[in-house]
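Undergrad: Here it is, the structure in full.
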Amino acid sequence: MALPGIVSSPLARRRPIASRARAGRSRLTPYIFISPAMLLLIAFGVFPIAVAALVSLTDMNISGLGDWGNVKFIGIANYSKLFADPSFWQALGNTAFFAIIGVPSVVFLSLGVALLLNRSGNWFYRSLRAFYFIPAITAIVAISLVWGYLYNTQFGLLNWLLSLVGVDQVQWLSDPTLAKFSVALVAVWRGTGLNIIIFLAALQGVPNEYLEAASLDGAGEWRKIRSIVIPMLRFAIFFVTVTTVISWLQFFDEAYVLTGGGPLGATTSVSIFLYQQGFQQSQFGYASAGSLILFVLIAVITVAQLRARRADIEY
Amino acid sequence: MSTSLSALRQRSMKRRGRGLSVVIGIALAIGAVITAFPFIWMVATSIKPQAESLNYPPTLLPANPTLEYFHKLFVELDFGRYLGNTVIVVLIGGIGLILMAMAGYAFAKFDFRGKQWMFFLVLATMMIPVQVTMIPTYLILNGMKLTNTLVGIALPTLVSGFSIFLFRQFMSTIPTEMLEAARLDGAGEFRTFLQIVLPLSKPILAVQAVLTFIAGWNSFLWPLIIASDQKLYTLSVGLSLLNKEIAVNPSLQMAAASVMVIPILIVFIVFQRYVIQGFALSGLK
Amino acid sequence: MRILTRVIAPIAIAGLALSLAACSGSSPTAATAKDASGPLTVWVMGDSSTNFQKLVAPFVASSGQKVDVVAIPWDSIDQKLTTSVASGSGPDVVQIGLTKLRSFADAGALLPLDDKISAYPDLASDKFADGVGGAATAVNGKIVSVPWVSDTRVLFYRSDILAESGIAKPPATWDELRSDAKILTERGKGKYGYYIPQWDNALPVEMTWAYGGSVVDSTGKINFDTPAFQSAVDLYTGLYADKSVPINSDFDQTQGFVSGTVPMLVSGPYLAGAINAAAPDLAGKWNITTLPTADKGTSLFGGSNLGIFKSSKHQKGSLKLLDYLSKSSTQLDWYKINGELPTAKAALNTPSFTSDPLVKVYTKQLADAKVLPLIANWDGGVGTNLLKALNSIALTNADPKSTLATFYQSTKGLTAK
């Protein structure tokens with residue numbers, strides 16, 4: 001970079017022209033910068049939702065997909081059918097259950113572990129981080145294999161360990177109630193890693209002087225965390241909560257690979273329901289209607305969270 | 001008098017703090033082992049002979065370790081090729097990284113018409129369930145004649161709303177004066193971006209590189225759907241080929257799963273310091 | 001304004017792409033008379049294309065037609081099918097599980113073969129086992145595929161454990177099986193007599209056939225509301241009520257059978273392979289026999305057929321390949337390489353093949369076997385609802401009457417073929 005002082009005098013003379021040129025250029029500049037990413041986002045993110053909205057008003061199925069002449073416009077019939085479908089309500093209920101169990105678990109667990117990991121910067125604590133991050137980077141296919149073996153009723157490791165202390169076989173994935181928790185546990189296990197990293201990072205932004213000053217005032221560990229650290233992590237907590245809520249409302253992977261939505265629909269989330277209707281039964285119109293409802297639901301909940309935060313700041 | 005008292009108190013608190021650190025360290029270590037246990041078990045099973053991995057009660061450590069299944073993966077089952085494809089998909093993801101950085105920069109440092117609702121679109125894409133986008137996306141790629149190419153595999157996930165959002169958060173913290181200074185020097189907008197913005201964004205680039213790497217490495221859906229040629233399969237798809245209704249060979253499956261996980265783990269361990277720093281500086285506090 | 005064009009243009013382009021894709025999907029491609037050059041693409045199910053490539057090597061050598069084989073993971077076939085149908089661009093030849101056949105055909109993805117196979121003697125309907133040949137797997141009266149490999153269900157039993165419990169020979173009827181299973185369950189805690197895979201929607205149908213019934217009525221409509229199905233339900237839920245079967249859904253049948261936890265179960269030839277791989281030293285302690293009977297002993301005729309994609313530009317080459325794959329010698333080679341049973345009558349009757357004691361049972365059972373009703377989405381629709389109804393009665397004590405009534409209602413109006 002050239003020193004400002006040296007270029008200042010010729011620049012002063014050129015300035016009006018340059019700034020006019022720059023103004024013309026800079027009106028275009030942001031569009032040039034965003035367009036490649038925006039085009040991709042619109043093509044593969046926004047546009048499909050528009051297609052889904054259209055398809056949701058038709059009876060599109062596999063023969064319709066092969067020949068569009070077979071597709072009929074049926075208005076909002078898919079939506080009324082959906083609201084009368086007990087399986088859809090069961091899926092909605094399951095999704096709510098997963099979100100209510102999962103979101104607080106993930107947020108508190110990752111915040112807690114991050115706070116503990118942050119206590120010390122020595123090599124031991126640092127090398128522990130990698131362990132906590134492993135679940136986040138493991139491919140879902142691998143997760144299904146490993147956890148499938150761990151949970152297996154007859155030959156799984158968990159039941160073998162329990163049998164050593166005389167506990168009877170537990171139906172981890174076969175009991176409709178327990179299966180919900182088993183599947184959610186895997187998702188919590190997998191969901192914490194990235195959030196721990198985010199919290200660890202945010203913790204670096206808490207100035208040490210504040211904490212030292214508080215220590216001098218005789219504040220205990222817990223008090224320091226509650227009155228200094230947590231308030232300073234407000235944005236990180238908010239960010240993690242919003243993204244975690246979204247991911248639990250879209251809950252799919254773990255249930256799909258471990259139980260396929262069973263037993264008897266107990267772990268069928270809305271996403272799994274959509275997948276079953278769309279790809280296993282080829283009812284694309286019906287599935288699209290469901291996916292639009294899910295999308296609206298997520299959008300409403302997210303916007304509500306954003307509003308709540310704005311109100312929170314104003315106070 | 002009072003100073004020595006407070007010094008005393010501080011010292012005793014420090015000692016107590018050190019004791020607590022040890023206790024917490026032990027607790028964290030136990031937690032870490034439990035968290036990583038499925039992973040440890042996976043690696044252990046991958047070197048057990050098939051009969052031993054089906055044994056009950058299960059053994060934790062292999063009695064007769066063997067590398068037979070890794071050999072089989074690469075010699076008989078073409079995992080070398082899947083590995084190569086996976087690496088290419090990850091590298092293409094690197095281009096997406098630059099595109100997202102550009103978009104994040106524009107959202108952070110420019111005012112332009114439509115900015116608000118475009119940013120809303122970015123956030124909205126985070127809320128869309130994947131299952132919905134599958135068929136339309138496939139049709140688009142098919143229309144662009146990109147099915148059965150590695151580019152087609154990488155394209156649908158090349159940019160993500162989440163990452164653009166993070167880039168914007170980070171780049172908002174770059175002082176505008178620095179950019180102005182560069183412009184006054186007559187640097188073009190792209191030069192400013194390449195020579196000022198990107199170097200200042202190293203931490204967030206590291207974060208995104210790791211996230212992109214993970215996403216590309218684990219990609220399953222698009223390689224499966226876009227590839228109509230087995231030569232384009234990635235590791236995830238290769239692994240799911242081993243899945244059958246009856247799990248016949250857990251050792252082989254676990255070996256394949258290990259091949260998938262270990263490289264990411266290494267990438268993470270190498271980059272973890274930058275990753276944490278990157279998130280720290282992106283205004284997430 | 002600029003930005004508007006920027007945003008609208010891609011949408012328009014994408015929309016155009018979509019309609020283009022749709023058109024190419026709807027109009028059957030004009031490529032009929034002449035074959036394009038280049039390799040044939042074949043989709044096969046399972047873990048590796050290597051074996052199949054080996055099988056077709058002689059065909060490639062003699063015809064000069066190159067063949068590209070792509071293995072598709074079993075559990076991902078739905079996505080692959082949907083996207084290939086949507087775009088109208090699939091492979092040339094595709095292996096189709098019989099339960100998926102109707103979906104492929106309904107989607108208009110498959111080339112009707114009625115007038116094409118006459119030129120190839122080995123593709124004639126009467127060359128294949130009666131359970132799958134010609135009309136047995138035709139959809140709407142049209143032949144859209146030719147049989148490839150067969151699969152059936154037989155009774156696997158641990159002769160050593162049965163003998164220890166004083167059972168001299170495997171049960172010949174379902175009644176015997178039920179009482180034997182009770183005896184075997186008494187061996188102790190964590191031991192069972194029989195195993196019902198909770199994902200197997202064919203078993204209740206086999207049981208219905210055993211009681212002399214059918215799940216398709218004379219007009220071709222799906223109908224479960226019959227006395228035979230009621231008997232099947234009693235048998236199915238009765239085995240659970242006896243506590244003779246494990247109730248967990250994640251039971252591993254190979255491990256269960258090898259460890260002796262369940263000494264009897266109904267499964268297919270793949271289980272024999274799995275047992276041999278997992279526990280070679282168990283040989284001699286287990287055996288197989290034909291399905292238990294009530295009025296009849298009809299079993300499932302499963303397996304896959306091969307079809308040609310309508311969009312294929314290699315119809316001639318594809319037909320030649322099908323012809324090659326239908327030859328008795330090819331199918332016997334495939335059994336040797338991959339362990340899957342043939343469908344060609346000539347292969348099924350080859351003495352060197354049937355001399356294997358297991359194969360003898362399989363072929364005997366295949367002679368008395370039927371395919372599941374060819375309806376769209378058997379697995380995702382009727383099959384799932386069937387299992388959901390039965391399992392909720394057996395496992396969660398749902399009211400049988402209302403549960404079955406709901407199930408009957410859900411199958412109303414479905415027509416096989």
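Chain labels A, B, ... are given in the sequence in which chains occur in the structure tokens; within each chain residues are numbered consecutively from 1, and ligands are likewise numbered from 1 in the order shown.
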What residues in chain A have any atom no more than 10 Å from chain C when counting only C-alpha atoms, and can you write them as a ChimeraX atom specification?

TA: /A:28,31,35,38-40,42-44,46-48,50-51,61-70,148-149,151-156,168-176,258-259,262-265,275-282

Undergrad: Those residues you just picked out, can you put them in a file as a compact mmCIF listing (two decimals), in the first residue's frame with C-alpha atoms?

TA:
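Once everything was written out, this is selection36.txt:
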# COMPACT_ATOMS: atom_id res chain seq x y z
CA LEU A 28 -22.57 -2.02 -9.78
CA TYR A 31 -24.16 -6.76 -7.44
CA SER A 35 -24.49 -12.35 -7.98
CA MET A 38 -27.07 -15.37 -5.08
CA LEU A 39 -27.70 -17.05 -8.42
CA LEU A 40 -26.70 -20.39 -6.96
CA ILE A 42 -31.81 -18.83 -5.89
CA ALA A 43 -31.42 -21.74 -8.28
CA PHE A 44 -30.92 -24.39 -5.62
CA VAL A 46 -35.36 -20.38 -3.46
CA PHE A 47 -36.53 -21.66 -6.80
CA PRO A 48 -37.23 -25.21 -5.54
CA ALA A 50 -41.51 -22.00 -5.65
CA VAL A 51 -41.70 -25.27 -7.56
CA ASN A 61 -47.09 -38.66 -8.66
CA ILE A 62 -44.60 -40.92 -10.38
CA SER A 63 -46.60 -41.25 -13.60
CA GLY A 64 -47.09 -37.48 -13.59
CA LEU A 65 -43.37 -37.06 -13.28
CA GLY A 66 -42.82 -39.27 -16.32
CA ASP A 67 -45.48 -37.52 -18.38
CA TRP A 68 -46.74 -34.11 -17.31
CA GLY A 69 -49.95 -34.68 -19.23
CA ASN A 70 -51.08 -36.88 -16.33
CA GLY A 148 -26.95 -49.44 15.33
CA TYR A 149 -24.46 -51.87 16.82
CA TYR A 151 -28.16 -50.05 20.52
CA ASN A 152 -28.88 -53.55 19.21
CA THR A 153 -31.12 -55.31 21.69
CA GLN A 154 -29.56 -58.77 21.62
CA PHE A 155 -26.00 -58.14 20.58
CA GLY A 156 -25.43 -54.49 21.28
CA ASP A 168 -32.59 -56.85 31.61
CA GLN A 169 -32.48 -56.25 27.88
CA VAL A 170 -33.49 -52.70 27.04
CA GLN A 171 -35.43 -52.13 23.81
CA TRP A 172 -33.46 -49.06 22.76
CA LEU A 173 -34.93 -48.73 19.30
CA SER A 174 -37.97 -50.99 19.53
CA ASP A 175 -39.94 -49.48 22.35
CA PRO A 176 -41.97 -46.63 20.87
CA LEU A 258 -31.56 -45.81 12.88
CA THR A 259 -35.28 -46.57 12.87
CA GLY A 262 -40.42 -46.63 13.39
CA PRO A 263 -41.37 -48.39 15.57
CA LEU A 264 -44.96 -47.79 14.51
CA GLY A 265 -44.23 -44.21 13.49
CA TYR A 275 -39.69 -38.34 2.54
CA GLN A 276 -41.96 -41.36 2.90
CA GLN A 277 -44.82 -39.69 1.08
CA GLY A 278 -42.61 -38.24 -1.62
CA PHE A 279 -39.99 -40.84 -2.36
CA GLN A 280 -41.44 -44.07 -1.06
CA GLN A 281 -45.02 -43.54 -2.12
CA SER A 282 -44.33 -41.07 -4.95

Undergrad: Set the cut-off to 6 Å and count only C-alpha atoms: what are the residues of chain A that reach chain B? Output as a list in words.

TA: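 Those within range of chain B come out as Pro30, Phe33, Ile34, Ala37, Phe44, Gly45, Pro48, Phe131, Tyr132, Thr138, Ala139, Ala142, Ile198, Ala201, Ala202, Leu233, Phe235, Ala236 and Phe295 of chain A.
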
Undergrad: Counting only C-alpha atoms, a student should be able to say which residues of chain B come within 6 Å of chain C; what is the right answer, written as JSON, numbers by chain?

TA: {"B": [51, 139, 140, 143, 225, 229, 230, 241, 242, 248]}

Undergrad: Once you have the residues from the selection above, write them out as a PDB file, in the first residue's frame, restricted to N, CA and C atoms.

TA:
ATOM      1  N   ALA B  51     -15.427 -62.785  11.979  1.00  0.00           N
ATOM      2  CA  ALA B  51     -16.076 -63.661  12.961  1.00  0.00           C
ATOM      3  C   ALA B  51     -16.028 -63.020  14.352  1.00  0.00           C
ATOM      4  N   LEU B 139     -33.721 -31.446 -11.742  1.00  0.00           N
ATOM      5  CA  LEU B 139     -34.174 -31.059 -13.085  1.00  0.00           C
ATOM      6  C   LEU B 139     -33.347 -29.898 -13.624  1.00  0.00           C
ATOM      7  N   ILE B 140     -33.004 -28.959 -12.751  1.00  0.00           N
ATOM      8  CA  ILE B 140     -32.173 -27.838 -13.184  1.00  0.00           C
ATOM      9  C   ILE B 140     -30.819 -28.347 -13.682  1.00  0.00           C
ATOM     10  N   GLY B 143     -31.169 -30.008 -16.898  1.00  0.00           N
ATOM     11  CA  GLY B 143     -31.325 -29.029 -17.969  1.00  0.00           C
ATOM     12  C   GLY B 143     -30.004 -28.396 -18.350  1.00  0.00           C
ATOM     13  N   ILE B 225     -27.360 -39.207  -6.489  1.00  0.00           N
ATOM     14  CA  ILE B 225     -28.393 -38.931  -7.475  1.00  0.00           C
ATOM     15  C   ILE B 225     -27.814 -38.471  -8.803  1.00  0.00           C
ATOM     16  N   ASP B 229     -22.850 -42.998 -13.085  1.00  0.00           N
ATOM     17  CA  ASP B 229     -21.673 -43.789 -13.410  1.00  0.00           C
ATOM     18  C   ASP B 229     -20.924 -44.017 -12.110  1.00  0.00           C
ATOM     19  N   GLN B 230     -20.630 -45.254 -11.854  1.00  0.00           N
ATOM     20  CA  GLN B 230     -20.018 -45.580 -10.567  1.00  0.00           C
ATOM     21  C   GLN B 230     -18.647 -44.937 -10.404  1.00  0.00           C
ATOM     22  N   LEU B 241     -23.080 -48.573  -0.230  1.00  0.00           N
ATOM     23  CA  LEU B 241     -23.188 -49.778  -1.055  1.00  0.00           C
ATOM     24  C   LEU B 241     -22.979 -51.036  -0.215  1.00  0.00           C
ATOM     25  N   LEU B 242     -22.238 -50.889   0.887  1.00  0.00           N
ATOM     26  CA  LEU B 242     -21.947 -52.046   1.741  1.00  0.00           C
ATOM     27  C   LEU B 242     -23.108 -52.365   2.670  1.00  0.00           C
ATOM     28  N   VAL B 248     -23.767 -58.284   7.147  1.00  0.00           N
ATOM     29  CA  VAL B 248     -22.965 -59.490   7.069  1.00  0.00           C
ATOM     30  C   VAL B 248     -21.557 -59.248   7.578  1.00  0.00           C
TER      31      VAL B 248
END

Undergrad: Taking the DSSP secondary structure from the backbone, can you list the residues of stretch 65-278 of chain B that are alpha helix (DSSP H), as a ChimeraX atom specification?

TA: /B:68-75,79-109,115-125,130-143,150-154,161-171,176-184,189-192,198-200,202-218,221-226,235-241,250-278

Undergrad: Could you tell me which of A:Leu194, A:Ser227, A:Val55, A:Arg307 comes closest to A:Ser291 if we count only C-alpha atoms?

TA: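 Smallest distance to A:Ser291 is found for A:Val55.
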
Undergrad: Taking the backbone alone, and naming residues the way the document does, which bits of stretch 189-350 of chain C are strand (DSSP E or B) by DSSP, as a VMD selection string?

TA: chain C and resid 195 216 221 to 222 264 to 267 287 to 289 293 299 to 309 341 to 342 344

Undergrad: Neighbouring residues of C:Leu291 were defined as those with any atom within 12 Å, considering only C-alpha atoms; residues of the same chain fewer than 6 positions away were excluded. Please report them as a ChimeraX atom specification.

TA: /C:152-157,170-174,176-177,203,206-207,209-210,264-268,297-300,361-362,364-366,368-369

Undergrad: Using only C-alpha atoms, find the one residue out of B:Thr234, B:Ser201, B:Asn142, B:Ser46 that sits nearest to B:Phe167.

TA: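 Using only C-alpha atoms, B:Phe167 sits closest to B:Ser201.
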
Undergrad: List the neighbours of A:Ile101 out to 12 Å using only C-alpha atoms; skip same-chain residues closer than 4 positions along the sequence, and give me the result as a PDB file with C-alpha atoms, in the first residue's frame.

TA:
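Just written: result15.pdb:
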ATOM      1  CA  ASN A  94     -42.929 -36.066  17.181  1.00  0.00           C
ATOM      2  CA  THR A  95     -41.094 -33.098  15.681  1.00  0.00           C
ATOM      3  CA  ALA A  96     -42.276 -30.874  18.514  1.00  0.00           C
ATOM      4  CA  PHE A  97     -41.142 -33.516  20.989  1.00  0.00           C
ATOM      5  CA  SER A 105     -30.033 -30.328  25.554  1.00  0.00           C
ATOM      6  CA  VAL A 106     -27.786 -29.228  22.723  1.00  0.00           C
ATOM      7  CA  VAL A 107     -27.589 -25.589  23.831  1.00  0.00           C
ATOM      8  CA  PHE A 108     -26.949 -26.273  27.528  1.00  0.00           C
ATOM      9  CA  LYS A 180     -37.664 -41.354  20.633  1.00  0.00           C
ATOM     10  CA  PHE A 181     -35.082 -40.710  23.321  1.00  0.00           C
ATOM     11  CA  SER A 182     -32.505 -43.065  21.820  1.00  0.00           C
ATOM     12  CA  VAL A 183     -32.714 -41.352  18.463  1.00  0.00           C
ATOM     13  CA  ALA A 184     -32.680 -37.898  20.040  1.00  0.00           C
ATOM     14  CA  LEU A 185     -29.607 -38.853  22.071  1.00  0.00           C
ATOM     15  CA  ALA A 187     -28.709 -36.297  17.411  1.00  0.00           C
ATOM     16  CA  VAL A 188     -27.682 -34.423  20.570  1.00  0.00           C
ATOM     17  CA  THR A 244     -30.328 -25.416  16.537  1.00  0.00           C
ATOM     18  CA  VAL A 245     -34.078 -24.833  16.460  1.00  0.00           C
ATOM     19  CA  TRP A 248     -34.314 -29.864  15.003  1.00  0.00           C
ATOM     20  CA  LEU A 249     -37.422 -28.791  13.158  1.00  0.00           C
TER      21      LEU A 249
END

Undergrad: Near C:Val262, within 8 Å and counting only C-alpha atoms, which residues show up once chain neighbours fewer than 6 positions away are dropped, as a list in words?

TA: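 Near C:Val262, the qualifying residues are Lys191, Tyr192, Gly193, Tyr194, Tyr195, Val245 and Gly256 of chain C.
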
Undergrad: For stretch 323-326 of chain C, please output as a list in words all residues within 9 Å (counting only C-alpha atoms; exclusion window: fewer than 2 positions along the same chain).

TA: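 Counting only the stated atoms, we get Leu55, Val56, Phe59, Ile117, Tyr120, Pro121, Asp122, Leu123, Lys127, Phe128, Val146, Pro147, Trp148, Ser318, Leu319, Lys320, Leu321, Ser328, Ser329, Thr330, Gln331, Pro342, Thr343 and Ala344 of chain C.
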
Undergrad: Pull N, CA and C atoms from the residues just selected and write them as a PDB file, in the first residue's frame.

TA:
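This is the output file again-v6.pdb:
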ATOM      1  N   LEU C  55     -19.399 -61.131 -15.261  1.00  0.00           N
ATOM      2  CA  LEU C  55     -20.400 -61.992 -15.896  1.00  0.00           C
ATOM      3  C   LEU C  55     -20.597 -61.627 -17.366  1.00  0.00           C
ATOM      4  N   VAL C  56     -20.597 -60.328 -17.669  1.00  0.00           N
ATOM      5  CA  VAL C  56     -20.900 -59.925 -19.047  1.00  0.00           C
ATOM      6  C   VAL C  56     -19.652 -59.829 -19.921  1.00  0.00           C
ATOM      7  N   PHE C  59     -19.890 -61.584 -23.199  1.00  0.00           N
ATOM      8  CA  PHE C  59     -20.811 -60.884 -24.090  1.00  0.00           C
ATOM      9  C   PHE C  59     -20.119 -59.703 -24.755  1.00  0.00           C
ATOM     10  N   ILE C 117     -39.486 -59.171 -28.057  1.00  0.00           N
ATOM     11  CA  ILE C 117     -38.762 -60.356 -27.586  1.00  0.00           C
ATOM     12  C   ILE C 117     -38.930 -61.552 -28.517  1.00  0.00           C
ATOM     13  N   TYR C 120     -35.955 -63.106 -30.008  1.00  0.00           N
ATOM     14  CA  TYR C 120     -34.938 -63.707 -29.142  1.00  0.00           C
ATOM     15  C   TYR C 120     -35.528 -64.921 -28.424  1.00  0.00           C
ATOM     16  N   PRO C 121     -35.172 -66.114 -28.862  1.00  0.00           N
ATOM     17  CA  PRO C 121     -35.806 -67.317 -28.309  1.00  0.00           C
ATOM     18  C   PRO C 121     -35.663 -67.434 -26.782  1.00  0.00           C
ATOM     19  N   ASP C 122     -34.535 -66.985 -26.240  1.00  0.00           N
ATOM     20  CA  ASP C 122     -34.342 -67.165 -24.795  1.00  0.00           C
ATOM     21  C   ASP C 122     -35.191 -66.208 -23.958  1.00  0.00           C
ATOM     22  N   LEU C 123     -35.805 -65.231 -24.600  1.00  0.00           N
ATOM     23  CA  LEU C 123     -36.627 -64.284 -23.846  1.00  0.00           C
ATOM     24  C   LEU C 123     -38.106 -64.659 -23.859  1.00  0.00           C
ATOM     25  N   LYS C 127     -39.910 -69.704 -21.241  1.00  0.00           N
ATOM     26  CA  LYS C 127     -38.562 -70.155 -20.889  1.00  0.00           C
ATOM     27  C   LYS C 127     -38.273 -69.901 -19.403  1.00  0.00           C
ATOM     28  N   PHE C 128     -39.135 -69.105 -18.776  1.00  0.00           N
ATOM     29  CA  PHE C 128     -38.878 -68.742 -17.374  1.00  0.00           C
ATOM     30  C   PHE C 128     -39.816 -69.496 -16.430  1.00  0.00           C
ATOM     31  N   VAL C 146     -38.007 -58.691 -18.240  1.00  0.00           N
ATOM     32  CA  VAL C 146     -37.804 -60.141 -18.293  1.00  0.00           C
ATOM     33  C   VAL C 146     -37.178 -60.591 -16.980  1.00  0.00           C
ATOM     34  N   PRO C 147     -37.540 -61.809 -16.527  1.00  0.00           N
ATOM     35  CA  PRO C 147     -37.025 -62.282 -15.242  1.00  0.00           C
ATOM     36  C   PRO C 147     -35.505 -62.388 -15.249  1.00  0.00           C
ATOM     37  N   TRP C 148     -34.909 -62.139 -14.086  1.00  0.00           N
ATOM     38  CA  TRP C 148     -33.456 -62.213 -13.993  1.00  0.00           C
ATOM     39  C   TRP C 148     -33.066 -63.173 -12.877  1.00  0.00           C
ATOM     40  N   SER C 318     -29.403 -53.540 -25.915  1.00  0.00           N
ATOM     41  CA  SER C 318     -29.967 -53.914 -24.621  1.00  0.00           C
ATOM     42  C   SER C 318     -30.688 -55.253 -24.725  1.00  0.00           C
ATOM     43  N   LEU C 319     -31.452 -55.420 -25.807  1.00  0.00           N
ATOM     44  CA  LEU C 319     -32.168 -56.688 -25.975  1.00  0.00           C
ATOM     45  C   LEU C 319     -31.188 -57.851 -26.102  1.00  0.00           C
ATOM     46  N   LYS C 320     -30.111 -57.586 -26.827  1.00  0.00           N
ATOM     47  CA  LYS C 320     -29.095 -58.645 -26.973  1.00  0.00           C
ATOM     48  C   LYS C 320     -28.522 -59.009 -25.614  1.00  0.00           C
ATOM     49  N   LEU C 321     -28.292 -57.979 -24.800  1.00  0.00           N
ATOM     50  CA  LEU C 321     -27.739 -58.242 -23.473  1.00  0.00           C
ATOM     51  C   LEU C 321     -28.741 -59.039 -22.633  1.00  0.00           C
ATOM     52  N   SER C 328     -29.407 -70.100 -19.942  1.00  0.00           N
ATOM     53  CA  SER C 328     -29.219 -70.980 -18.791  1.00  0.00           C
ATOM     54  C   SER C 328     -27.779 -70.943 -18.278  1.00  0.00           C
ATOM     55  N   SER C 329     -26.825 -70.973 -19.211  1.00  0.00           N
ATOM     56  CA  SER C 329     -25.427 -71.033 -18.770  1.00  0.00           C
ATOM     57  C   SER C 329     -25.031 -69.734 -18.052  1.00  0.00           C
ATOM     58  N   THR C 330     -25.503 -68.583 -18.565  1.00  0.00           N
ATOM     59  CA  THR C 330     -25.172 -67.308 -17.914  1.00  0.00           C
ATOM     60  C   THR C 330     -25.730 -67.276 -16.502  1.00  0.00           C
ATOM     61  N   GLN C 331     -26.996 -67.712 -16.374  1.00  0.00           N
ATOM     62  CA  GLN C 331     -27.635 -67.639 -15.065  1.00  0.00           C
ATOM     63  C   GLN C 331     -26.967 -68.577 -14.065  1.00  0.00           C
ATOM     64  N   PRO C 342     -31.244 -68.674 -10.365  1.00  0.00           N
ATOM     65  CA  PRO C 342     -31.705 -68.337 -11.717  1.00  0.00           C
ATOM     66  C   PRO C 342     -33.225 -68.276 -11.828  1.00  0.00           C
ATOM     67  N   THR C 343     -33.700 -67.798 -12.992  1.00  0.00           N
ATOM     68  CA  THR C 343     -35.134 -67.794 -13.265  1.00  0.00           C
ATOM     69  C   THR C 343     -35.450 -68.622 -14.497  1.00  0.00           C
ATOM     70  N   ALA C 344     -34.444 -68.923 -15.312  1.00  0.00           N
ATOM     71  CA  ALA C 344     -34.684 -69.702 -16.526  1.00  0.00           C
ATOM     72  C   ALA C 344     -34.969 -71.148 -16.141  1.00  0.00           C
TER      73      ALA C 344
END

Undergrad: Name all residues at most 12 Å from A:Gln305 (count only C-alpha atoms; drop same-chain ones fewer than 3 positions away) and give them as a count of residues only.

TA: 18
